[in-house]
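Undergrad: mmCIF, C-alpha atoms and all ligand atoms, saved as start_10.cif, coming up:
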data_input
loop_
_atom_site.label_atom_id
_atom_site.label_comp_id
_atom_site.auth_asym_id
_atom_site.auth_seq_id
_atom_site.Cartn_x
_atom_site.Cartn_y
_atom_site.Cartn_z
CA MET A 949 -9.56 -16.33 -2.68
CA ARG A 950 -13.27 -15.79 -3.35
CA LEU A 951 -14.35 -13.66 -6.30
CA ILE A 952 -17.72 -12.02 -5.70
CA HIS A 953 -19.82 -9.97 -8.12
CA SER A 954 -23.12 -9.35 -6.32
CA VAL A 955 -24.03 -7.28 -3.27
CA ALA A 956 -26.06 -10.23 -1.89
CA GLU A 957 -23.05 -12.59 -2.07
CA MET A 958 -20.89 -9.89 -0.46
CA ALA A 959 -23.36 -9.61 2.44
CA LEU A 960 -23.12 -13.35 2.98
CA ALA A 961 -19.31 -13.38 2.74
CA ARG A 962 -18.91 -10.55 5.25
CA SER A 963 -20.91 -12.52 7.81
CA GLU A 964 -18.78 -15.64 7.24
CA VAL A 965 -15.24 -14.26 7.31
CA GLU A 966 -13.20 -13.89 10.47
CA ARG A 967 -12.88 -10.49 12.13
CA PRO A 968 -11.24 -8.02 12.13
CA LEU A 969 -11.94 -7.39 8.45
CA GLY A 970 -9.74 -5.00 6.46
CA LEU A 971 -11.06 -3.36 3.29
CA VAL A 972 -8.91 -2.05 0.43
CA PRO A 973 -11.12 -0.17 -2.05
CA THR A 974 -9.57 0.17 -5.54
CA MET A 975 -10.49 0.87 -9.13
CA GLY A 976 -8.21 -1.93 -10.33
CA ALA A 977 -5.19 -1.60 -12.68
CA LEU A 978 -3.25 -2.41 -9.53
CA HIS A 979 0.29 -1.21 -8.88
CA GLU A 980 2.73 -1.32 -5.95
CA GLY A 981 0.83 1.50 -4.22
CA HIS A 982 -2.32 -0.65 -4.05
CA LEU A 983 -0.32 -3.71 -3.06
CA SER A 984 1.26 -1.83 -0.14
CA LEU A 985 -2.30 -1.23 1.13
CA VAL A 986 -3.20 -4.91 0.72
CA ARG A 987 -0.03 -5.98 2.55
CA ARG A 988 -0.75 -3.65 5.46
CA ALA A 989 -4.37 -4.86 5.58
CA ARG A 990 -3.13 -8.47 5.50
CA SER A 991 -0.75 -7.84 8.40
CA GLU A 992 -3.42 -6.23 10.62
CA ASN A 993 -6.61 -8.23 9.95
CA ALA A 994 -7.91 -11.78 10.05
CA SER A 995 -9.64 -11.19 6.69
CA VAL A 996 -8.94 -8.91 3.75
CA VAL A 997 -11.53 -7.79 1.19
CA VAL A 998 -10.33 -5.88 -1.89
CA THR A 999 -12.92 -4.15 -4.06
CA ILE A 1000 -12.29 -3.49 -7.75
CA PHE A 1001 -14.85 -1.06 -9.11
CA VAL A 1002 -14.23 1.69 -11.66
CA ASN A 1003 -16.76 4.04 -10.12
CA PRO A 1004 -18.52 5.91 -12.97
CA THR A 1005 -19.92 8.64 -10.70
CA GLN A 1006 -16.51 10.06 -9.79
CA PHE A 1007 -15.59 10.74 -13.44
CA GLY A 1008 -16.67 14.03 -15.02
CA PRO A 1009 -18.29 14.07 -18.49
CA SER A 1010 -14.98 14.96 -20.17
CA GLU A 1011 -12.89 12.53 -18.11
CA ASP A 1012 -11.40 9.14 -18.89
CA LEU A 1013 -14.03 6.61 -17.66
CA ALA A 1014 -14.16 4.56 -20.88
CA ALA A 1015 -10.38 4.65 -21.32
CA TYR A 1016 -9.54 4.00 -17.65
CA PRO A 1017 -7.07 1.08 -17.59
CA ARG A 1018 -8.64 -2.29 -16.77
CA ASP A 1019 -6.80 -5.59 -16.36
CA PRO A 1020 -8.90 -7.83 -14.09
CA ASP A 1021 -6.97 -11.06 -14.76
CA ARG A 1022 -3.65 -9.48 -13.77
CA ASP A 1023 -5.29 -7.79 -10.74
CA LEU A 1024 -6.75 -11.08 -9.52
CA ALA A 1025 -3.39 -12.87 -9.86
CA LEU A 1026 -1.66 -10.11 -7.87
CA LEU A 1027 -4.31 -10.20 -5.14
CA GLU A 1028 -4.17 -13.97 -4.90
CA ALA A 1029 -0.37 -13.70 -4.42
CA GLU A 1030 -0.87 -11.10 -1.65
CA GLY A 1031 -3.30 -13.37 0.19
CA ALA A 1032 -6.55 -11.40 -0.19
CA ASP A 1033 -9.49 -13.48 1.03
CA VAL A 1034 -12.25 -11.89 -1.03
CA VAL A 1035 -12.26 -9.75 -4.17
CA PHE A 1036 -15.54 -7.89 -4.66
CA MET A 1037 -15.88 -6.81 -8.29
CA PRO A 1038 -19.46 -5.65 -8.82
CA PRO A 1039 -20.78 -4.53 -12.21
CA PRO A 1040 -22.04 -0.90 -12.26
CA LYS A 1041 -25.71 -1.95 -12.09
CA GLU A 1042 -25.12 -3.74 -8.76
CA VAL A 1043 -23.83 -0.51 -7.24
CA TYR A 1044 -26.15 1.90 -9.04
CA PRO A 1045 -29.33 -0.01 -9.92
CA ALA A 1046 -32.10 1.63 -11.98
CA GLY A 1047 -33.69 4.48 -10.01
CA TYR A 1048 -30.57 5.12 -7.90
CA ASP A 1049 -31.03 8.59 -6.37
CA THR A 1050 -28.93 9.08 -3.21
CA TRP A 1051 -25.71 11.09 -2.92
CA VAL A 1052 -23.28 11.78 -0.11
CA SER A 1053 -21.85 15.29 -0.15
CA VAL A 1054 -18.89 16.08 2.10
CA GLU A 1055 -19.20 19.83 1.74
CA ARG A 1056 -16.25 22.06 2.69
CA THR A 1057 -13.56 19.38 2.46
CA SER A 1058 -14.59 18.69 -1.16
CA GLU A 1059 -14.48 22.31 -2.33
CA PRO A 1060 -10.82 23.28 -2.96
CA LEU A 1061 -8.01 21.67 -4.99
CA GLU A 1062 -9.26 18.50 -6.73
CA GLY A 1063 -12.86 19.44 -5.97
CA ALA A 1064 -12.45 22.81 -7.72
CA SER A 1065 -10.74 21.22 -10.74
CA ARG A 1066 -13.09 18.22 -10.94
CA PRO A 1067 -16.65 19.30 -10.04
CA GLY A 1068 -18.70 16.40 -8.70
CA HIS A 1069 -15.67 14.13 -8.27
CA PHE A 1070 -15.88 13.87 -4.48
CA LEU A 1071 -19.67 13.44 -4.57
CA GLY A 1072 -18.97 10.26 -6.52
CA VAL A 1073 -16.08 9.20 -4.28
CA ALA A 1074 -17.96 9.85 -1.02
CA THR A 1075 -21.08 8.08 -2.27
CA VAL A 1076 -19.27 4.97 -3.46
CA VAL A 1077 -17.10 4.75 -0.33
CA CYS A 1078 -20.22 4.92 1.87
CA LYS A 1079 -21.80 2.21 -0.24
CA LEU A 1080 -18.68 0.02 -0.07
CA PHE A 1081 -18.51 0.51 3.71
CA ASN A 1082 -22.15 -0.61 3.95
CA MET A 1083 -21.70 -3.54 1.57
CA VAL A 1084 -18.49 -4.86 3.18
CA ARG A 1085 -18.87 -3.53 6.81
CA PRO A 1086 -15.10 -3.46 7.41
CA ASP A 1087 -13.41 -2.85 10.75
CA ARG A 1088 -10.51 -1.08 9.02
CA ALA A 1089 -10.04 0.51 5.58
CA TYR A 1090 -6.83 1.43 3.77
CA PHE A 1091 -6.21 4.39 1.42
CA GLY A 1092 -3.16 5.97 -0.18
CA GLN A 1093 -1.76 9.31 0.97
CA LYS A 1094 -1.23 10.18 -2.71
CA ASP A 1095 -4.94 11.10 -2.85
CA ALA A 1096 -4.60 13.35 0.19
CA GLN A 1097 -7.86 15.26 -0.26
CA GLN A 1098 -9.77 12.03 -0.92
CA LEU A 1099 -8.36 10.74 2.36
CA GLN A 1100 -9.66 13.79 4.24
CA VAL A 1101 -13.09 13.48 2.55
CA ILE A 1102 -13.25 9.83 3.63
CA ARG A 1103 -12.11 10.57 7.18
CA ARG A 1104 -14.80 13.25 7.38
CA LEU A 1105 -17.65 11.07 6.12
CA ASN A 1106 -16.53 8.19 8.32
CA SER A 1107 -16.74 10.41 11.37
CA ASP A 1108 -19.78 12.50 10.34
CA LEU A 1109 -21.87 9.46 9.37
CA ASN A 1110 -20.68 7.34 12.35
CA PHE A 1111 -19.27 4.47 10.30
CA ASP A 1112 -16.64 3.87 12.97
CA VAL A 1113 -14.26 2.28 10.47
CA LYS A 1114 -10.58 2.71 11.38
CA ILE A 1115 -9.13 4.62 8.41
CA ASN A 1116 -5.46 3.92 7.70
CA ALA A 1117 -3.32 5.92 5.27
CA MET A 1118 -0.24 4.55 3.58
CA PRO A 1119 2.63 6.62 2.14
CA THR A 1120 2.84 7.22 -1.60
CA VAL A 1121 4.86 4.59 -3.46
CA ARG A 1122 7.19 6.07 -6.08
CA GLU A 1123 9.06 4.93 -9.17
CA PRO A 1124 12.88 5.15 -8.85
CA ASP A 1125 12.79 8.61 -10.51
CA GLY A 1126 10.24 9.89 -7.99
CA LEU A 1127 7.07 9.69 -10.08
CA ALA A 1128 4.19 8.66 -7.80
CA MET A 1129 2.69 5.34 -8.86
CA SER A 1130 -0.71 5.79 -10.46
CA SER A 1131 -2.84 3.75 -12.81
CA ARG A 1132 -2.95 6.85 -15.03
CA ASN A 1133 0.85 6.75 -15.61
CA ALA A 1134 0.03 4.10 -18.25
CA TYR A 1135 -1.35 6.88 -20.49
CA LEU A 1136 2.02 8.68 -20.75
CA SER A 1137 3.96 8.47 -24.03
CA PRO A 1138 7.73 7.84 -23.66
CA ASP A 1139 8.44 11.61 -23.94
CA GLN A 1140 5.75 12.45 -21.44
CA ARG A 1141 7.01 9.74 -19.08
CA ARG A 1142 10.47 11.33 -19.22
CA ALA A 1143 8.91 14.70 -18.32
CA ALA A 1144 6.64 13.40 -15.52
CA PRO A 1145 9.20 13.32 -12.65
CA VAL A 1146 9.03 17.14 -12.71
CA VAL A 1147 5.89 16.78 -10.58
CA TYR A 1148 7.83 15.25 -7.68
CA ALA A 1149 10.81 17.55 -8.37
CA ALA A 1150 8.49 20.51 -7.63
CA LEU A 1151 7.54 18.90 -4.30
CA GLN A 1152 11.20 18.26 -3.50
CA ALA A 1153 11.88 21.96 -4.14
CA ALA A 1154 9.18 22.74 -1.57
CA GLN A 1155 10.77 20.34 0.92
CA GLU A 1156 14.23 21.85 0.38
CA LEU A 1157 13.02 25.41 0.83
CA TYR A 1158 11.12 24.39 3.97
CA ALA A 1159 14.24 22.62 5.31
CA ASP A 1160 16.21 25.84 4.68
CA GLY A 1161 13.76 27.68 6.94
CA ALA A 1162 11.27 29.21 4.47
CA ARG A 1163 7.88 29.69 6.14
CA GLN A 1164 6.08 32.04 3.71
CA ALA A 1165 3.74 29.78 1.75
CA SER A 1166 3.84 32.09 -1.28
CA ALA A 1167 7.63 31.64 -1.57
CA VAL A 1168 7.24 27.86 -1.46
CA ARG A 1169 4.44 27.91 -4.09
CA GLU A 1170 6.62 30.10 -6.34
CA ALA A 1171 9.55 27.70 -6.03
CA MET A 1172 7.27 24.83 -7.08
CA GLN A 1173 5.95 26.86 -10.04
CA ARG A 1174 9.53 27.63 -11.16
CA VAL A 1175 10.43 23.94 -11.26
CA LEU A 1176 7.28 23.14 -13.26
CA ALA A 1177 8.02 25.99 -15.67
CA SER A 1178 11.35 24.33 -16.50
CA GLU A 1179 9.51 21.43 -18.16
CA PRO A 1180 7.78 22.47 -21.42
CA LEU A 1181 5.42 19.44 -21.39
CA ALA A 1182 4.08 20.26 -17.90
CA GLN A 1183 0.93 22.38 -17.62
CA PRO A 1184 0.24 23.12 -13.94
CA GLU A 1185 -3.42 23.17 -12.86
CA TYR A 1186 -2.84 24.16 -9.26
CA VAL A 1187 0.01 24.41 -6.78
CA SER A 1188 -1.04 24.52 -3.14
CA ILE A 1189 0.37 24.89 0.35
CA ALA A 1190 -2.56 24.14 2.64
CA ASP A 1191 -3.52 23.05 6.11
CA PRO A 1192 -3.55 19.22 5.88
CA GLY A 1193 -6.77 18.93 7.90
CA THR A 1194 -8.97 21.75 6.52
CA LEU A 1195 -7.15 22.10 3.16
CA ALA A 1196 -7.37 25.89 3.51
CA GLU A 1197 -4.50 27.70 1.77
CA LEU A 1198 -1.84 28.95 4.18
CA GLU A 1199 -0.01 32.27 4.30
CA LEU A 1200 2.44 31.20 6.97
CA ILE A 1201 3.64 27.63 7.49
CA ASP A 1202 3.54 27.39 11.28
CA GLY A 1203 2.55 23.72 11.59
CA PRO A 1204 2.29 20.74 9.24
CA ALA A 1205 1.43 21.84 5.69
CA LEU A 1206 0.24 19.83 2.70
CA ALA A 1207 2.19 20.75 -0.44
CA SER A 1208 0.15 19.45 -3.37
CA LEU A 1209 -0.22 19.98 -7.07
CA ALA A 1210 -2.04 18.85 -10.19
CA VAL A 1211 -0.21 18.95 -13.50
CA ARG A 1212 -1.30 18.00 -16.99
CA ILE A 1213 1.26 16.28 -19.18
CA GLY A 1214 -0.41 15.98 -22.56
CA THR A 1215 -3.93 14.81 -21.74
CA THR A 1216 -2.86 12.98 -18.57
CA ARG A 1217 -3.56 14.66 -15.28
CA LEU A 1218 -1.08 13.81 -12.51
CA ILE A 1219 -1.46 14.70 -8.83
CA ASP A 1220 1.01 14.35 -6.00
CA ASN A 1221 1.74 15.75 -2.54
CA VAL A 1222 4.11 15.74 0.41
CA VAL A 1223 3.60 16.93 3.95
CA LEU A 1224 5.99 19.61 5.17
CA GLY A 1225 6.86 19.70 8.84
CA THR A 1226 5.83 16.17 9.82
CA ASP A 1227 6.10 12.55 8.91
CA GLU A 1228 3.38 11.53 6.40
CA ARG A 1229 2.46 8.67 8.71
CA SER A 1230 1.44 11.03 11.47
CA LEU A 1231 -1.03 13.08 9.41
CA PRO A 1232 -4.13 14.27 11.27
O1 LIG B 1301 -8.78 5.92 -4.91
C1 LIG B 1301 -9.52 5.21 -5.62
O2 LIG B 1301 -9.09 4.25 -6.27
C2 LIG B 1301 -11.00 5.52 -5.67
O3 LIG B 1301 -11.23 6.88 -5.63
C3 LIG B 1301 -11.82 4.77 -4.60
C4 LIG B 1301 -11.43 5.21 -3.19
C5 LIG B 1301 -11.63 3.27 -4.74
C6 LIG B 1301 -13.31 5.09 -4.77
O4 LIG B 1301 -13.77 4.72 -6.04
#
Could you write out this structure as structure tokens?
TA:
Amino acid sequence: MRLIHSVAEMALARSEVERPLGLVPTMGALHEGHLSLVRRARSENASVVVTIFVNPTQFGPSEDLAAYPRDPDRDLALLEAEGADVVFMPPPKEVYPAGYDTWVSVERTSEPLEGASRPGHFLGVATVVCKLFNMVRPDRAYFGQKDAQQLQVIRRLNSDLNFDVKINAMPTVREPDGLAMSSRNAYLSPDQRRAAPVVYAALQAAQELYADGARQASAVREAMQRVLASEPLAQPEYVSIADPGTLAELELIDGPALASLAVRIGTTRLIDNVVLGTDERSLP
């Protein structure tokens, strides 16, 4: 496994490795969710590049950039064991050198949900993903369905800017109690960790209601809110039933619907989602 820190070395490596080339972009602090992406990339490509870059531009001023978990030695050992060919771990000044002044804005897809709660977040995500696509020039790229809106933003920019990368989404990997794996789970105190499965319990309530025939989105949102209200440590930020492609809120669920939510537990912000009415793997 080659460890690369500079854009110039990455350009050389991408011309040397065998094709097809699969890219797994990450911010490190790897967990099973990331590893499922690496395994899928490994199974479908001749070469696998994993990037580890805690992208400063996708964190708001009051967010957790400095405290974001970092464990490069552990990450590298895990990636070596999964058979990654190249790990690209650039320092921030390689990605954003002095004078950097270009931003990629995916407009409507970035507006609701996470975009409304975290202004500027998707400007940072879209910009860094474009840069990583240009630096690595992958044939395929792998992202988690847990960040459902991020996935739609990336699909949009990939198509709008003609990158022609095949974007693959992988299902959310969960702890045995249902909590979606996330690097941010490391921030939870033991009490908060015990409370955190309420996030997935709210989504399960949505699934149950949908399975019982409920099609009014407001009824499903209310059921999710009721579950969250049963946990005193959970402070909901939003609860949404939206079209999975446009992310517009639905009144009537008459096709696949993305049930998603953001919940604060203490200072930790957790997000999660499920798709009602279809298999996650067949998302648009
Ligand atoms: O999902 C993430 O880890 C990040 O948002 C990504 C896609 C690597 C961009 O920094």
Undergrad: Within 8 Å of ligand LIG 1301 (chain B), which residues show up when you count all atoms listed in the file? List them as a list in words, please.
TA: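 Using all atoms listed in the file, I find these residues within 8 Å of ligand LIG 1301 (chain B): Val972, Pro973, Thr974, Met975, Gly976, Thr999, Ile1000, Phe1001, Val1002, Asn1003, Gln1006, Gly1072, Val1073, Ala1074, Val1076, Val1077, Phe1091, Gly1092, Asp1095 and Gln1098 of chain A.
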Undergrad: Would you mind reading off the distance between atom CA of A:Gly1068 and atom CA of A:Asp1023, one decimal, in Å?
TA: 27.7 Å
Undergrad: Write out as an NGL selection string which residues come within 12 Å of A:Glu1170 when counting all atoms listed in the file, dropping same-chain ones fewer than 6 positions away.
TA: :A and (1150-1151 or 1153-1154 or 1157 or 1162 or 1164 or 1176-1177 or 1186-1189 or 1207)
Undergrad: Please list as a PyMOL selection string every residue within 8 Å of A:Ala1165, counting all atoms listed in the file and excluding residues in the same chain fewer than 5 positions away.
TA: chain A and resi 1189+1198-1201
Undergrad: Hey, can you check how far atom CA of A:Pro1086 sits from atom CA of A:Leu983?
TA: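 According to the coordinates, atom CA of A:Pro1086 and atom CA of A:Leu983 are separated by 18.1 Å.
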Undergrad: Can you tell me, as a list in words, what residues are no more than 6 Å from stretch 1033-1044 of chain A when counting only C-alpha atoms, ignoring any on the same chain fewer than 2 positions away?
TA: Met949, Arg950, Leu951, Ile952, His953, Ser954, Val996, Val997, Val998, Thr999, Ile1000, Phe1001 and Tyr1048 of chain A
Undergrad: Would you please work out which residue, of A:Ala1046, A:Tyr1090, A:Ala1205, A:His982, is nearest to A:Leu969 when using only C-alpha atoms?
TA: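 Among the listed residues, the smallest separation from A:Leu969 belongs to A:Tyr1090.
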Undergrad: Got a sec to check which residues sit within 12 Å of (-4.6, 3.6, 4.6), counting only C-alpha atoms, and write them as an NGL selection string?
TA: :A and (970-974 or 981-989 or 992 or 1088-1096 or 1098-1100 or 1102-1103 or 1113-1120 or 1228-1231)
Undergrad: In Å, with one decimal, what is the gap from atom CA of A:Val1084 to atom CA of A:Glu1028?
TA: 18.8 Å
Undergrad: Would you give the centre and edge lengths, in Å to one decimal, of a box along x, y and z around the listed atoms of stretch 1173-1191 of chain A, with 6 Å added to each side, as AutoDock Vina command-line options?
TA:
--center_x 3.9 --center_y 23.5 --center_z -7.7 --size_x 26.9 --size_y 20.2 --size_z 39.5
Undergrad: Skip A:Ser1058 itself and residues of its chain fewer than 5 positions away, then list as a PyMOL selection string all residues within 8 Å of it, counting all atoms listed in the file.
TA: chain A and resi 1063+1070+1097+1101
Undergrad: Pick out the closest residue to A:Gly1161 from this set: A:Asp1220, A:Arg1142, A:Met1129, A:Gly1225. Count all atoms listed in the file.
TA: A:Gly1225
Undergrad: Measuring between all atoms listed in the file, which one of A:Asn993, A:Glu980, A:Thr1216, A:Leu1109 shows the shortest distance to A:Val965?
TA: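 Of A:Asn993, A:Glu980, A:Thr1216, A:Leu1109, the one nearest A:Val965 is A:Asn993, counting all atoms listed in the file.
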Undergrad: Env of A:Leu1127: 12 Å cut, atoms = all atoms listed in the file, seq-sep filter 2 positions within chain, self excluded. Answer as a PyMOL selection string.
TA: chain A and resi 981+1094+1120-1125+1129-1133+1136+1140-1152+1218-1221
Undergrad: Once you have the residues from the selection above, write them out as a compact mmCIF listing (two decimals), keeping the file's coordinate frame, restricted to C-alpha atoms.
TA:
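What follows is the written file part_2.txt:
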# COMPACT_ATOMS: atom_id res chain seq x y z
CA GLY A 981 0.83 1.50 -4.22
CA LYS A 1094 -1.23 10.18 -2.71
CA THR A 1120 2.84 7.22 -1.60
CA VAL A 1121 4.86 4.59 -3.46
CA ARG A 1122 7.19 6.07 -6.08
CA GLU A 1123 9.06 4.93 -9.17
CA PRO A 1124 12.88 5.15 -8.85
CA ASP A 1125 12.79 8.61 -10.51
CA MET A 1129 2.69 5.34 -8.86
CA SER A 1130 -0.71 5.79 -10.46
CA SER A 1131 -2.84 3.75 -12.81
CA ARG A 1132 -2.95 6.85 -15.03
CA ASN A 1133 0.85 6.75 -15.61
CA LEU A 1136 2.02 8.68 -20.75
CA GLN A 1140 5.75 12.45 -21.44
CA ARG A 1141 7.01 9.74 -19.08
CA ARG A 1142 10.47 11.33 -19.22
CA ALA A 1143 8.91 14.70 -18.32
CA ALA A 1144 6.64 13.40 -15.52
CA PRO A 1145 9.20 13.32 -12.65
CA VAL A 1146 9.03 17.14 -12.71
CA VAL A 1147 5.89 16.78 -10.58
CA TYR A 1148 7.83 15.25 -7.68
CA ALA A 1149 10.81 17.55 -8.37
CA ALA A 1150 8.49 20.51 -7.63
CA LEU A 1151 7.54 18.90 -4.30
CA GLN A 1152 11.20 18.26 -3.50
CA LEU A 1218 -1.08 13.81 -12.51
CA ILE A 1219 -1.46 14.70 -8.83
CA ASP A 1220 1.01 14.35 -6.00
CA ASN A 1221 1.74 15.75 -2.54
